[in-house]
Amino acid sequence: MPAELACFEERCRARFPITEVLYNCPHCGGLLEAVYGKPAQSAEELKKLWRERRMSNAPLDQSGVWRYREFIPFLDDLSHAVTLREGCTPLLPGRLAAEYGGLDALVFKHQGFNPTGSFKDNGMTCGASQAMRLGMKRVACVSTGNTSASMAAYASSAGLQPVIFIPHGNISFGKLAQALEYGAKTIQVDANFDQILALVREVAERLGIYLLNSINPFRIEGQKTIMAEMLDQRDWKVPDWVVLPGGNLGNTSAFGKGLRELKALGFIDRLPRLAVIQAEGSAPFYDLMHSADRSHLTPVGHPETLATAIKIGDPVSWPKALFEVTTSEGVVEKVTEQEIADAKAVIGRCGIGCEPASAATLAGIRKLTASGEMRADSDVVAILTGNVLKDSSYIHEYHTGVLTTGSGMPIVASLGNPPVVLCNDSAIIADYLRVTV
Ligand SMILES: *Cc1c(COP(=O)(O)O)cnc(C)c1O
Ligand SMILES: [Zn+2]
């Protein structure tokens, strides 16, 4: 069976050619996903092949996404693949973080080691490749964050023109700076995220611009390989839990799909449980999971969190994420701004570091072990989604004790590490260090 697009809705499941430019099912409006037949090789053969590719100098073998190309076989011509050597991110143990989280041990898979500093690269390499195979000239997304940074880099490296739409007055400078540097045409519109999305869809259709927003099924395919690479790095030993932050829920959908497919293909014999962590002021998926009626999600009108990567009130991929969390017998937890800030500082003290949204994982783990949901001796992999330098003003404000939430609530610098000012005098500096270091 060749690769196809399929409607995710159980009652529809309509199929479309993989080369059709679709973002939702034309019949029912449902989300779309890529579906494939069984690969020619067995799981054992592929495990060996994928391991051997780590010795190769070929660009696609060096990519932590395309190394697993038999697992994402949507391209019929690999010359369309666009790579910046994404993936290949490390598993890093954090002793202090484990202790803080109430676990005997904890390992982070750090997606911040990607070319533009977030896991969006794992997906964007596939989204940009699909744009190339479709013969597109321009690609667009609506975002103020890591998606724009990543799309800009991948599009420009492939010779595509990136176009970014940002809600007026909602600019995140660190990430926007990357988009500008990577050559994205950046358009500010005086409207909110949902209004701009509707507008961009119309313009994209009229001008033949390919949309690389979060529901793009090819981005989800790329993000699946984060789970393949994590298991490959663990010699295919399945952890008890995979913990990740939840915003638009694309990653939750991708991890769930990837793990289910790896199980169906015989790579693993059980699924880890997914634990999705949301910020308290932006937790519509938490609310959905804890309500009696899970048939529709109630959006949060004015989402609030300093973890801007998960500041999403109306997550588009919720039907997929609901299915994946349920199938994996997973949980959804929510954490406060203070909990995120302190967990982030602990991850920093491990010498690892991450952006605020990523730290929701450790804050969530701490709550899940405290409530008894997660056992202390569990084998846990937490996903750090973004690089420590993505949001440096947050870090400086936290450590100097001036960080406040959007509504002006102060965050206590429980683990603050402010710089000190001393005078130009060696005796005074020596005295200071003798007492403090
Ligand atoms: C996009 C992003 C998230 C949220 O991921 P979703 O797939 O939207 O749930 C979390 N952290 C970082 C750093 C991100 O860039
Ligand atoms: Zn449908």
# chains A, B, ... in the order shown; residues from 1 in each chain; ligands from 1
>>> closest_atom_pairs(of="chain A", to="ligand 1", cutoff="7 Å", atoms="only C-alpha atoms and all ligand atoms", output="tab-separated table")
residue	atom	partner	partner_atom_place_in_ligand_line	distance
A:Ser118	CA	ligand 1	15 (O)	5.6
A:Phe119	CA	ligand 1	15 (O)	6.5
A:Lys120	CA	ligand 1	15 (O)	6.1
A:Gly145	CA	ligand 1	15 (O)	6.8
A:Asn146	CA	ligand 1	15 (O)	4.8
A:Thr147	CA	ligand 1	15 (O)	6.7
A:Pro245	CA	ligand 1	10 (C)	5.5
A:Gly246	CA	ligand 1	9 (O)	3.8
A:Gly247	CA	ligand 1	9 (O)	3.5
A:Asn248	CA	ligand 1	8 (O)	3.4
A:Leu249	CA	ligand 1	9 (O)	3.3
A:Gly250	CA	ligand 1	7 (O)	3.6
A:Asn251	CA	ligand 1	7 (O)	3.8
A:Thr252	CA	ligand 1	9 (O)	6.2
A:Ala309	CA	ligand 1	14 (C)	4.7
A:Ile310	CA	ligand 1	4 (C)	5.1
A:Glu355	CA	ligand 1	13 (C)	6.3
A:Ala357	CA	ligand 1	11 (N)	4.8
A:Ser358	CA	ligand 1	11 (N)	5.4
A:Thr385	CA	ligand 1	13 (C)	4.3
A:Gly386	CA	ligand 1	13 (C)	3.8
>>> residues_around(residues="Tyr100 (chain A)", least_positions_apart="2", cutoff="8 Å", atoms="only C-alpha atoms", output="PyMOL selection string")
chain A and resi 96-98+102-103+343+346+366
>>> write_last_selection(atoms="N, CA, C and O atoms", output="compact mmCIF listing (two decimals), in the first residue's frame")
# COMPACT_ATOMS: atom_id res chain seq x y z
N LEU A 96 19.93 15.80 40.43
CA LEU A 96 19.18 16.75 41.26
C LEU A 96 17.71 16.80 40.85
O LEU A 96 16.81 16.89 41.70
N ALA A 97 17.48 16.74 39.56
CA ALA A 97 16.11 16.80 39.05
C ALA A 97 15.31 15.57 39.48
O ALA A 97 14.14 15.68 39.84
N ALA A 98 15.96 14.42 39.47
CA ALA A 98 15.29 13.19 39.91
C ALA A 98 14.85 13.34 41.36
O ALA A 98 13.69 13.07 41.71
N GLY A 102 11.04 13.52 42.99
CA GLY A 102 10.60 12.38 43.80
C GLY A 102 10.86 11.04 43.14
O GLY A 102 10.18 10.05 43.43
N LEU A 103 11.85 10.98 42.27
CA LEU A 103 12.19 9.74 41.56
C LEU A 103 13.59 9.26 41.95
O LEU A 103 14.45 10.06 42.31
N ALA A 343 11.11 24.39 38.98
CA ALA A 343 11.57 23.17 38.29
C ALA A 343 12.61 23.53 37.24
O ALA A 343 13.61 22.82 37.05
N VAL A 346 15.94 24.04 38.77
CA VAL A 346 16.55 22.75 39.15
C VAL A 346 17.18 22.09 37.92
O VAL A 346 18.31 21.58 37.98
N ARG A 366 6.96 15.99 39.78
CA ARG A 366 6.94 16.21 41.24
C ARG A 366 5.52 16.04 41.79
O ARG A 366 5.32 15.44 42.84
>>> residues_near_ligand(ligand="ligand 2", cutoff="9 Å", atoms="only C-alpha atoms and all ligand atoms", output="PyMOL selection string")
chain A and resi 6-15+24-32
>>> closest_residue(among="A:Pro410, A:Gly183, A:Gly127, A:Gly94", to="Gln161 (chain A)", atoms="only C-alpha atoms")
A:Gly183
>>> residues_around(residues="region 210-215 of chain A", least_positions_apart="4", cutoff="9 Å", atoms="only C-alpha atoms", output="mmCIF file with all heavy atoms, in the first residue's frame")
data_model
loop_
_atom_site.group_PDB
_atom_site.id
_atom_site.type_symbol
_atom_site.label_atom_id
_atom_site.label_comp_id
_atom_site.auth_asym_id
_atom_site.auth_seq_id
_atom_site.Cartn_x
_atom_site.Cartn_y
_atom_site.Cartn_z
ATOM 1 N N VAL A 21 -3.142 18.551 -1.429
ATOM 2 C CA VAL A 21 -2.871 19.619 -0.458
ATOM 3 C C VAL A 21 -4.110 19.807 0.409
ATOM 4 O O VAL A 21 -5.056 20.491 0.038
ATOM 5 C CB VAL A 21 -2.490 20.936 -1.161
ATOM 6 C CG1 VAL A 21 -2.181 22.024 -0.139
ATOM 7 C CG2 VAL A 21 -1.271 20.728 -2.059
ATOM 8 N N TYR A 23 -5.541 20.185 4.640
ATOM 9 C CA TYR A 23 -5.185 20.416 6.035
ATOM 10 C C TYR A 23 -6.212 19.780 6.972
ATOM 11 O O TYR A 23 -5.915 19.471 8.108
ATOM 12 C CB TYR A 23 -5.027 21.907 6.314
ATOM 13 C CG TYR A 23 -4.086 22.564 5.325
ATOM 14 C CD1 TYR A 23 -4.562 23.404 4.327
ATOM 15 C CD2 TYR A 23 -2.730 22.272 5.354
ATOM 16 C CE1 TYR A 23 -3.704 23.982 3.406
ATOM 17 C CE2 TYR A 23 -1.861 22.833 4.430
ATOM 18 C CZ TYR A 23 -2.355 23.698 3.456
ATOM 19 O OH TYR A 23 -1.510 24.248 2.532
ATOM 20 N N ASN A 24 -7.449 19.627 6.481
ATOM 21 C CA ASN A 24 -8.499 18.935 7.227
ATOM 22 C C ASN A 24 -9.256 18.047 6.248
ATOM 23 O O ASN A 24 -9.189 18.252 5.043
ATOM 24 C CB ASN A 24 -9.496 19.932 7.846
ATOM 25 C CG ASN A 24 -8.921 20.639 9.051
ATOM 26 O OD1 ASN A 24 -8.422 21.758 8.953
ATOM 27 N ND2 ASN A 24 -8.968 19.985 10.190
ATOM 28 N N LEU A 31 -9.210 15.865 11.604
ATOM 29 C CA LEU A 31 -7.766 15.953 11.422
ATOM 30 C C LEU A 31 -7.316 14.851 10.464
ATOM 31 O O LEU A 31 -7.964 13.817 10.343
ATOM 32 C CB LEU A 31 -7.049 15.776 12.771
ATOM 33 C CG LEU A 31 -7.354 16.835 13.838
ATOM 34 C CD1 LEU A 31 -6.854 16.364 15.208
ATOM 35 C CD2 LEU A 31 -6.715 18.166 13.468
ATOM 36 N N LEU A 32 -6.197 15.082 9.794
ATOM 37 C CA LEU A 32 -5.667 14.083 8.863
ATOM 38 C C LEU A 32 -4.403 13.452 9.436
ATOM 39 O O LEU A 32 -3.701 14.064 10.235
ATOM 40 C CB LEU A 32 -5.344 14.742 7.522
ATOM 41 C CG LEU A 32 -6.542 15.320 6.771
ATOM 42 C CD1 LEU A 32 -6.073 16.098 5.550
ATOM 43 C CD2 LEU A 32 -7.513 14.211 6.341
ATOM 44 N N MET A 124 9.513 19.964 11.236
ATOM 45 C CA MET A 124 9.623 20.888 10.104
ATOM 46 C C MET A 124 10.446 20.307 8.966
ATOM 47 O O MET A 124 10.199 20.607 7.796
ATOM 48 C CB MET A 124 10.226 22.206 10.601
ATOM 49 C CG MET A 124 9.767 23.414 9.839
ATOM 50 S SD MET A 124 7.974 23.601 9.659
ATOM 51 C CE MET A 124 7.498 24.334 11.215
ATOM 52 N N GLY A 127 7.799 18.612 7.058
ATOM 53 C CA GLY A 127 6.856 19.553 6.448
ATOM 54 C C GLY A 127 7.483 20.265 5.260
ATOM 55 O O GLY A 127 6.863 20.411 4.194
ATOM 56 N N ALA A 128 8.731 20.700 5.412
ATOM 57 C CA ALA A 128 9.424 21.399 4.325
ATOM 58 C C ALA A 128 9.698 20.437 3.166
ATOM 59 O O ALA A 128 9.610 20.826 1.993
ATOM 60 C CB ALA A 128 10.728 22.001 4.846
ATOM 61 N N ALA A 131 6.616 20.105 1.175
ATOM 62 C CA ALA A 131 6.432 21.314 0.352
ATOM 63 C C ALA A 131 7.288 21.216 -0.911
ATOM 64 O O ALA A 131 6.842 21.577 -2.006
ATOM 65 C CB ALA A 131 6.801 22.554 1.161
ATOM 66 N N LEU A 134 5.798 18.772 -3.372
ATOM 67 C CA LEU A 134 4.590 19.308 -4.009
ATOM 68 C C LEU A 134 4.923 20.441 -4.987
ATOM 69 O O LEU A 134 4.039 20.973 -5.648
ATOM 70 C CB LEU A 134 3.612 19.827 -2.943
ATOM 71 C CG LEU A 134 3.016 18.776 -2.007
ATOM 72 C CD1 LEU A 134 2.253 19.445 -0.873
ATOM 73 C CD2 LEU A 134 2.112 17.805 -2.770
ATOM 74 N N MET A 136 6.009 23.431 -4.204
ATOM 75 C CA MET A 136 5.616 24.735 -3.668
ATOM 76 C C MET A 136 6.786 25.720 -3.731
ATOM 77 O O MET A 136 7.950 25.318 -3.754
ATOM 78 C CB MET A 136 5.161 24.575 -2.213
ATOM 79 C CG MET A 136 3.929 23.730 -2.062
ATOM 80 S SD MET A 136 2.499 24.619 -2.685
ATOM 81 C CE MET A 136 1.197 23.403 -2.497
ATOM 82 N N LYS A 137 6.455 27.007 -3.722
ATOM 83 C CA LYS A 137 7.500 28.036 -3.727
ATOM 84 C C LYS A 137 7.538 28.789 -2.401
ATOM 85 O O LYS A 137 8.554 29.344 -2.006
ATOM 86 C CB LYS A 137 7.243 29.044 -4.861
ATOM 87 C CG LYS A 137 7.302 28.413 -6.266
ATOM 88 C CD LYS A 137 8.746 28.181 -6.708
ATOM 89 C CE LYS A 137 8.831 27.429 -8.027
ATOM 90 N NZ LYS A 137 8.731 25.950 -7.858
ATOM 91 N N ARG A 138 6.378 28.864 -1.733
ATOM 92 C CA ARG A 138 6.282 29.613 -0.478
ATOM 93 C C ARG A 138 5.590 28.761 0.584
ATOM 94 O O ARG A 138 4.695 27.966 0.262
ATOM 95 C CB ARG A 138 5.464 30.895 -0.689
ATOM 96 C CG ARG A 138 6.196 31.935 -1.508
ATOM 97 C CD ARG A 138 5.290 33.078 -1.913
ATOM 98 N NE ARG A 138 4.299 32.615 -2.891
ATOM 99 C CZ ARG A 138 3.554 33.440 -3.635
ATOM 100 N NH1 ARG A 138 3.650 34.737 -3.483
ATOM 101 N NH2 ARG A 138 2.696 32.952 -4.505
ATOM 102 N N VAL A 139 5.991 28.941 1.834
ATOM 103 C CA VAL A 139 5.339 28.248 2.946
ATOM 104 C C VAL A 139 4.972 29.287 4.009
ATOM 105 O O VAL A 139 5.636 30.318 4.127
ATOM 106 C CB VAL A 139 6.241 27.153 3.571
ATOM 107 C CG1 VAL A 139 6.452 25.993 2.601
ATOM 108 C CG2 VAL A 139 7.591 27.723 3.992
ATOM 109 N N ALA A 140 3.909 29.008 4.765
ATOM 110 C CA ALA A 140 3.455 29.974 5.769
ATOM 111 C C ALA A 140 3.025 29.290 7.050
ATOM 112 O O ALA A 140 2.647 28.111 7.056
ATOM 113 C CB ALA A 140 2.290 30.796 5.203
ATOM 114 N N CYS A 141 3.100 30.038 8.148
ATOM 115 C CA CYS A 141 2.527 29.578 9.410
ATOM 116 C C CYS A 141 2.097 30.790 10.226
ATOM 117 O O CYS A 141 2.516 31.915 9.949
ATOM 118 C CB CYS A 141 3.523 28.729 10.213
ATOM 119 S SG CYS A 141 4.904 29.656 10.889
ATOM 120 N N VAL A 142 1.222 30.552 11.199
ATOM 121 C CA VAL A 142 0.848 31.588 12.153
ATOM 122 C C VAL A 142 1.469 31.185 13.474
ATOM 123 O O VAL A 142 1.167 30.108 13.989
ATOM 124 C CB VAL A 142 -0.682 31.676 12.326
ATOM 125 C CG1 VAL A 142 -1.045 32.892 13.168
ATOM 126 C CG2 VAL A 142 -1.377 31.718 10.989
ATOM 127 N N SER A 143 2.332 32.008 13.999
ATOM 128 C CA SER A 143 3.016 31.646 15.235
ATOM 129 C C SER A 143 3.880 32.807 15.686
ATOM 130 O O SER A 143 4.336 33.603 14.873
ATOM 131 C CB SER A 143 3.898 30.426 14.995
ATOM 132 O OG SER A 143 4.964 30.370 15.913
ATOM 133 N N THR A 147 7.818 27.591 16.170
ATOM 134 C CA THR A 147 7.407 27.147 14.842
ATOM 135 C C THR A 147 7.929 28.106 13.775
ATOM 136 O O THR A 147 8.443 27.668 12.740
ATOM 137 C CB THR A 147 5.871 27.041 14.756
ATOM 138 O OG1 THR A 147 5.453 26.041 15.684
ATOM 139 C CG2 THR A 147 5.411 26.643 13.368
ATOM 140 N N MET A 151 10.423 26.957 10.915
ATOM 141 C CA MET A 151 9.966 27.009 9.520
ATOM 142 C C MET A 151 10.856 27.918 8.690
ATOM 143 O O MET A 151 11.203 27.589 7.547
ATOM 144 C CB MET A 151 8.512 27.479 9.438
ATOM 145 C CG MET A 151 7.921 27.275 8.051
ATOM 146 S SD MET A 151 6.356 28.141 7.801
ATOM 147 C CE MET A 151 6.953 29.798 7.498
ATOM 148 N N VAL A 200 -5.201 33.473 6.875
ATOM 149 C CA VAL A 200 -4.043 32.880 6.197
ATOM 150 C C VAL A 200 -4.469 31.692 5.343
ATOM 151 O O VAL A 200 -3.962 31.478 4.245
ATOM 152 C CB VAL A 200 -2.963 32.480 7.227
ATOM 153 C CG1 VAL A 200 -1.862 31.655 6.583
ATOM 154 C CG2 VAL A 200 -2.379 33.718 7.866
ATOM 155 N N ARG A 201 -5.421 30.921 5.838
ATOM 156 C CA ARG A 201 -5.923 29.785 5.061
ATOM 157 C C ARG A 201 -6.478 30.250 3.723
ATOM 158 O O ARG A 201 -6.251 29.631 2.689
ATOM 159 C CB ARG A 201 -7.025 29.051 5.838
ATOM 160 C CG ARG A 201 -6.471 28.122 6.863
ATOM 161 C CD ARG A 201 -7.578 27.251 7.411
ATOM 162 N NE ARG A 201 -7.029 26.315 8.363
ATOM 163 C CZ ARG A 201 -7.431 25.049 8.493
ATOM 164 N NH1 ARG A 201 -8.396 24.587 7.726
ATOM 165 N NH2 ARG A 201 -6.888 24.260 9.370
ATOM 166 N N ALA A 204 -3.587 31.591 1.564
ATOM 167 C CA ALA A 204 -2.733 30.475 1.137
ATOM 168 C C ALA A 204 -3.371 29.740 -0.035
ATOM 169 O O ALA A 204 -2.700 29.387 -1.009
ATOM 170 C CB ALA A 204 -2.503 29.526 2.308
ATOM 171 N N GLU A 205 -4.667 29.508 0.071
ATOM 172 C CA GLU A 205 -5.374 28.807 -1.004
ATOM 173 C C GLU A 205 -5.339 29.623 -2.298
ATOM 174 O O GLU A 205 -5.067 29.107 -3.376
ATOM 175 C CB GLU A 205 -6.811 28.531 -0.578
ATOM 176 C CG GLU A 205 -7.577 27.739 -1.615
ATOM 177 C CD GLU A 205 -8.663 26.876 -0.987
ATOM 178 O OE1 GLU A 205 -8.929 27.024 0.234
ATOM 179 O OE2 GLU A 205 -9.242 26.073 -1.705
ATOM 180 N N ARG A 219 4.407 17.194 9.662
ATOM 181 C CA ARG A 219 5.157 17.592 10.857
ATOM 182 C C ARG A 219 5.008 16.525 11.946
ATOM 183 O O ARG A 219 5.964 16.174 12.621
ATOM 184 C CB ARG A 219 4.674 18.957 11.364
ATOM 185 C CG ARG A 219 5.209 20.116 10.527
ATOM 186 C CD ARG A 219 4.739 21.461 11.039
ATOM 187 N NE ARG A 219 5.048 21.672 12.448
ATOM 188 C CZ ARG A 219 4.545 22.666 13.167
ATOM 189 N NH1 ARG A 219 3.715 23.536 12.618
ATOM 190 N NH2 ARG A 219 4.866 22.799 14.431
ATOM 191 N N ILE A 220 3.796 16.012 12.089
ATOM 192 C CA ILE A 220 3.555 14.959 13.088
ATOM 193 C C ILE A 220 4.426 13.726 12.789
ATOM 194 O O ILE A 220 4.982 13.110 13.695
ATOM 195 C CB ILE A 220 2.060 14.548 13.086
ATOM 196 C CG1 ILE A 220 1.160 15.765 13.359
ATOM 197 C CG2 ILE A 220 1.797 13.400 14.054
ATOM 198 C CD1 ILE A 220 0.960 16.139 14.772
ATOM 199 N N ASN A 248 -0.374 22.916 21.823
ATOM 200 C CA ASN A 248 -1.298 22.578 20.739
ATOM 201 C C ASN A 248 -1.513 21.068 20.631
ATOM 202 O O ASN A 248 -2.328 20.596 19.845
ATOM 203 C CB ASN A 248 -0.777 23.130 19.416
ATOM 204 C CG ASN A 248 -1.674 24.233 18.877
ATOM 205 O OD1 ASN A 248 -2.901 24.180 19.051
ATOM 206 N ND2 ASN A 248 -1.096 25.217 18.227
ATOM 207 N N LEU A 249 -0.726 20.300 21.356
ATOM 208 C CA LEU A 249 -0.848 18.844 21.488
ATOM 209 C C LEU A 249 -0.397 18.063 20.254
ATOM 210 O O LEU A 249 -0.712 16.883 20.108
ATOM 211 C CB LEU A 249 -2.289 18.446 21.887
ATOM 212 C CG LEU A 249 -2.790 19.120 23.169
ATOM 213 C CD1 LEU A 249 -4.277 18.825 23.392
ATOM 214 C CD2 LEU A 249 -1.983 18.644 24.385
ATOM 215 N N GLY A 250 0.357 18.708 19.381
ATOM 216 C CA GLY A 250 0.928 18.011 18.227
ATOM 217 C C GLY A 250 1.937 16.957 18.659
ATOM 218 O O GLY A 250 1.948 15.843 18.135
ATOM 219 N N VAL A 316 -5.433 22.579 18.657
ATOM 220 C CA VAL A 316 -6.063 21.988 17.472
ATOM 221 C C VAL A 316 -6.024 20.465 17.455
ATOM 222 O O VAL A 316 -6.932 19.819 16.944
ATOM 223 C CB VAL A 316 -5.420 22.523 16.170
ATOM 224 C CG1 VAL A 316 -5.853 23.950 15.907
ATOM 225 C CG2 VAL A 316 -3.904 22.417 16.202
ATOM 226 N N SER A 317 -4.973 19.873 18.013
ATOM 227 C CA SER A 317 -4.819 18.414 17.884
ATOM 228 C C SER A 317 -5.465 17.633 19.029
ATOM 229 O O SER A 317 -5.149 16.463 19.234
ATOM 230 C CB SER A 317 -3.331 18.061 17.795
ATOM 231 O OG SER A 317 -2.799 18.474 16.555
#
>>> residues_around(residues="Ala149 (chain A)", least_positions_apart="3", cutoff="10 Å", atoms="only C-alpha atoms", output="PDB file with N, CA, C and O atoms, in the first residue's frame")
ATOM      1  N   THR A 116      17.495  24.666  15.365  1.00  0.00           N
ATOM      2  CA  THR A 116      16.955  25.966  15.773  1.00  0.00           C
ATOM      3  C   THR A 116      16.522  25.946  17.240  1.00  0.00           C
ATOM      4  O   THR A 116      15.863  26.877  17.712  1.00  0.00           O
ATOM      5  N   GLY A 117      16.889  24.904  17.960  1.00  0.00           N
ATOM      6  CA  GLY A 117      16.714  24.904  19.408  1.00  0.00           C
ATOM      7  C   GLY A 117      15.399  24.379  19.941  1.00  0.00           C
ATOM      8  O   GLY A 117      15.096  24.585  21.116  1.00  0.00           O
ATOM      9  N   SER A 118      14.595  23.695  19.105  1.00  0.00           N
ATOM     10  CA  SER A 118      13.388  23.068  19.647  1.00  0.00           C
ATOM     11  C   SER A 118      12.992  21.856  18.806  1.00  0.00           C
ATOM     12  O   SER A 118      13.488  21.678  17.687  1.00  0.00           O
ATOM     13  N   LYS A 120      10.477  21.468  17.181  1.00  0.00           N
ATOM     14  CA  LYS A 120       9.763  21.841  15.959  1.00  0.00           C
ATOM     15  C   LYS A 120      10.591  21.436  14.735  1.00  0.00           C
ATOM     16  O   LYS A 120      10.026  21.175  13.669  1.00  0.00           O
ATOM     17  N   ASP A 121      11.921  21.363  14.889  1.00  0.00           N
ATOM     18  CA  ASP A 121      12.786  20.968  13.771  1.00  0.00           C
ATOM     19  C   ASP A 121      12.525  19.527  13.334  1.00  0.00           C
ATOM     20  O   ASP A 121      12.595  19.211  12.145  1.00  0.00           O
ATOM     21  N   SER A 143       2.332  32.008  13.999  1.00  0.00           N
ATOM     22  CA  SER A 143       3.016  31.646  15.235  1.00  0.00           C
ATOM     23  C   SER A 143       3.880  32.807  15.686  1.00  0.00           C
ATOM     24  O   SER A 143       4.336  33.603  14.873  1.00  0.00           O
ATOM     25  N   THR A 144       4.123  32.900  16.966  1.00  0.00           N
ATOM     26  CA  THR A 144       5.099  33.890  17.433  1.00  0.00           C
ATOM     27  C   THR A 144       6.297  33.174  18.038  1.00  0.00           C
ATOM     28  O   THR A 144       7.144  33.799  18.647  1.00  0.00           O
ATOM     29  N   GLY A 145       6.341  31.840  17.876  1.00  0.00           N
ATOM     30  CA  GLY A 145       7.333  31.124  18.650  1.00  0.00           C
ATOM     31  C   GLY A 145       8.269  30.246  17.867  1.00  0.00           C
ATOM     32  O   GLY A 145       8.773  30.610  16.805  1.00  0.00           O
ATOM     33  N   ASN A 146       8.489  29.066  18.422  1.00  0.00           N
ATOM     34  CA  ASN A 146       9.480  28.160  17.868  1.00  0.00           C
ATOM     35  C   ASN A 146       9.118  27.661  16.476  1.00  0.00           C
ATOM     36  O   ASN A 146      10.004  27.331  15.684  1.00  0.00           O
ATOM     37  N   ALA A 152      11.241  29.047   9.266  1.00  0.00           N
ATOM     38  CA  ALA A 152      12.083  29.994   8.534  1.00  0.00           C
ATOM     39  C   ALA A 152      13.400  29.332   8.131  1.00  0.00           C
ATOM     40  O   ALA A 152      13.851  29.446   6.984  1.00  0.00           O
ATOM     41  N   ALA A 153      14.003  28.616   9.055  1.00  0.00           N
ATOM     42  CA  ALA A 153      15.302  27.988   8.769  1.00  0.00           C
ATOM     43  C   ALA A 153      15.169  26.901   7.700  1.00  0.00           C
ATOM     44  O   ALA A 153      15.947  26.864   6.739  1.00  0.00           O
ATOM     45  N   TYR A 154      14.199  26.025   7.860  1.00  0.00           N
ATOM     46  CA  TYR A 154      14.059  24.907   6.914  1.00  0.00           C
ATOM     47  C   TYR A 154      13.649  25.398   5.531  1.00  0.00           C
ATOM     48  O   TYR A 154      14.147  24.907   4.518  1.00  0.00           O
ATOM     49  N   ILE A 164       5.653  34.417   7.656  1.00  0.00           N
ATOM     50  CA  ILE A 164       5.174  34.228   9.025  1.00  0.00           C
ATOM     51  C   ILE A 164       4.149  35.306   9.363  1.00  0.00           C
ATOM     52  O   ILE A 164       4.377  36.486   9.118  1.00  0.00           O
ATOM     53  N   GLY A 174      12.947  36.787  21.307  1.00  0.00           N
ATOM     54  CA  GLY A 174      14.025  35.809  21.112  1.00  0.00           C
ATOM     55  C   GLY A 174      13.783  34.924  19.901  1.00  0.00           C
ATOM     56  O   GLY A 174      14.661  34.731  19.057  1.00  0.00           O
ATOM     57  N   LYS A 175      12.574  34.398  19.818  1.00  0.00           N
ATOM     58  CA  LYS A 175      12.235  33.462  18.745  1.00  0.00           C
ATOM     59  C   LYS A 175      11.994  34.207  17.425  1.00  0.00           C
ATOM     60  O   LYS A 175      12.374  33.727  16.353  1.00  0.00           O
ATOM     61  N   LEU A 176      11.370  35.383  17.517  1.00  0.00           N
ATOM     62  CA  LEU A 176      11.143  36.189  16.318  1.00  0.00           C
ATOM     63  C   LEU A 176      12.472  36.589  15.681  1.00  0.00           C
ATOM     64  O   LEU A 176      12.619  36.606  14.451  1.00  0.00           O
ATOM     65  N   ALA A 177      13.470  36.854  16.533  1.00  0.00           N
ATOM     66  CA  ALA A 177      14.788  37.232  16.028  1.00  0.00           C
ATOM     67  C   ALA A 177      15.338  36.143  15.110  1.00  0.00           C
ATOM     68  O   ALA A 177      15.910  36.428  14.054  1.00  0.00           O
ATOM     69  N   GLN A 178      15.156  34.907  15.495  1.00  0.00           N
ATOM     70  CA  GLN A 178      15.618  33.800  14.641  1.00  0.00           C
ATOM     71  C   GLN A 178      14.912  33.830  13.288  1.00  0.00           C
ATOM     72  O   GLN A 178      15.528  33.689  12.246  1.00  0.00           O
ATOM     73  N   ALA A 179      13.591  34.025  13.325  1.00  0.00           N
ATOM     74  CA  ALA A 179      12.814  34.036  12.079  1.00  0.00           C
ATOM     75  C   ALA A 179      13.300  35.139  11.145  1.00  0.00           C
ATOM     76  O   ALA A 179      13.436  34.942   9.935  1.00  0.00           O
ATOM     77  N   LEU A 180      13.577  36.312  11.709  1.00  0.00           N
ATOM     78  CA  LEU A 180      14.054  37.426  10.880  1.00  0.00           C
ATOM     79  C   LEU A 180      15.420  37.098  10.287  1.00  0.00           C
ATOM     80  O   LEU A 180      15.668  37.295   9.099  1.00  0.00           O
ATOM     81  N   GLU A 181      16.297  36.548  11.134  1.00  0.00           N
ATOM     82  CA  GLU A 181      17.647  36.219  10.672  1.00  0.00           C
ATOM     83  C   GLU A 181      17.614  35.150   9.574  1.00  0.00           C
ATOM     84  O   GLU A 181      18.388  35.205   8.622  1.00  0.00           O
ATOM     85  N   TYR A 182      16.703  34.206   9.691  1.00  0.00           N
ATOM     86  CA  TYR A 182      16.592  33.136   8.687  1.00  0.00           C
ATOM     87  C   TYR A 182      15.818  33.587   7.439  1.00  0.00           C
ATOM     88  O   TYR A 182      15.544  32.780   6.564  1.00  0.00           O
ATOM     89  N   GLY A 183      15.458  34.851   7.394  1.00  0.00           N
ATOM     90  CA  GLY A 183      14.915  35.399   6.145  1.00  0.00           C
ATOM     91  C   GLY A 183      13.420  35.261   5.941  1.00  0.00           C
ATOM     92  O   GLY A 183      12.940  35.311   4.814  1.00  0.00           O
ATOM     93  N   ALA A 184      12.650  35.102   7.020  1.00  0.00           N
ATOM     94  CA  ALA A 184      11.201  34.977   6.851  1.00  0.00           C
ATOM     95  C   ALA A 184      10.562  36.342   6.585  1.00  0.00           C
ATOM     96  O   ALA A 184      10.904  37.330   7.240  1.00  0.00           O
TER      97      ALA A 184
END
>>> residues_around(residues="Leu244 (chain A)", least_positions_apart="2", cutoff="7 Å", atoms="only C-alpha atoms", output="number ranges by chain")
A: 242, 246, 275-277, 361, 382-383
>>> residues_around(residues="region 289-297 of chain A", least_positions_apart="2", cutoff="10 Å", atoms="only C-alpha atoms", output="ChimeraX atom specification")
/A:284-287,299-300,314-316,318-319,322,325-326,331-333
>>> residues_around(residues="region 256-268 of chain A", least_positions_apart="2", cutoff="10 Å", atoms="only C-alpha atoms", output="JSON, numbers by chain")
{"A": [33, 38, 39, 42, 43, 44, 46, 47, 71, 72, 220, 221, 222, 223, 224, 225, 226, 227, 228, 231, 232, 236, 237, 238, 250, 251, 252, 253, 254, 270, 271, 272, 273, 274, 320, 321, 322, 323, 324, 325, 326, 327, 328]}
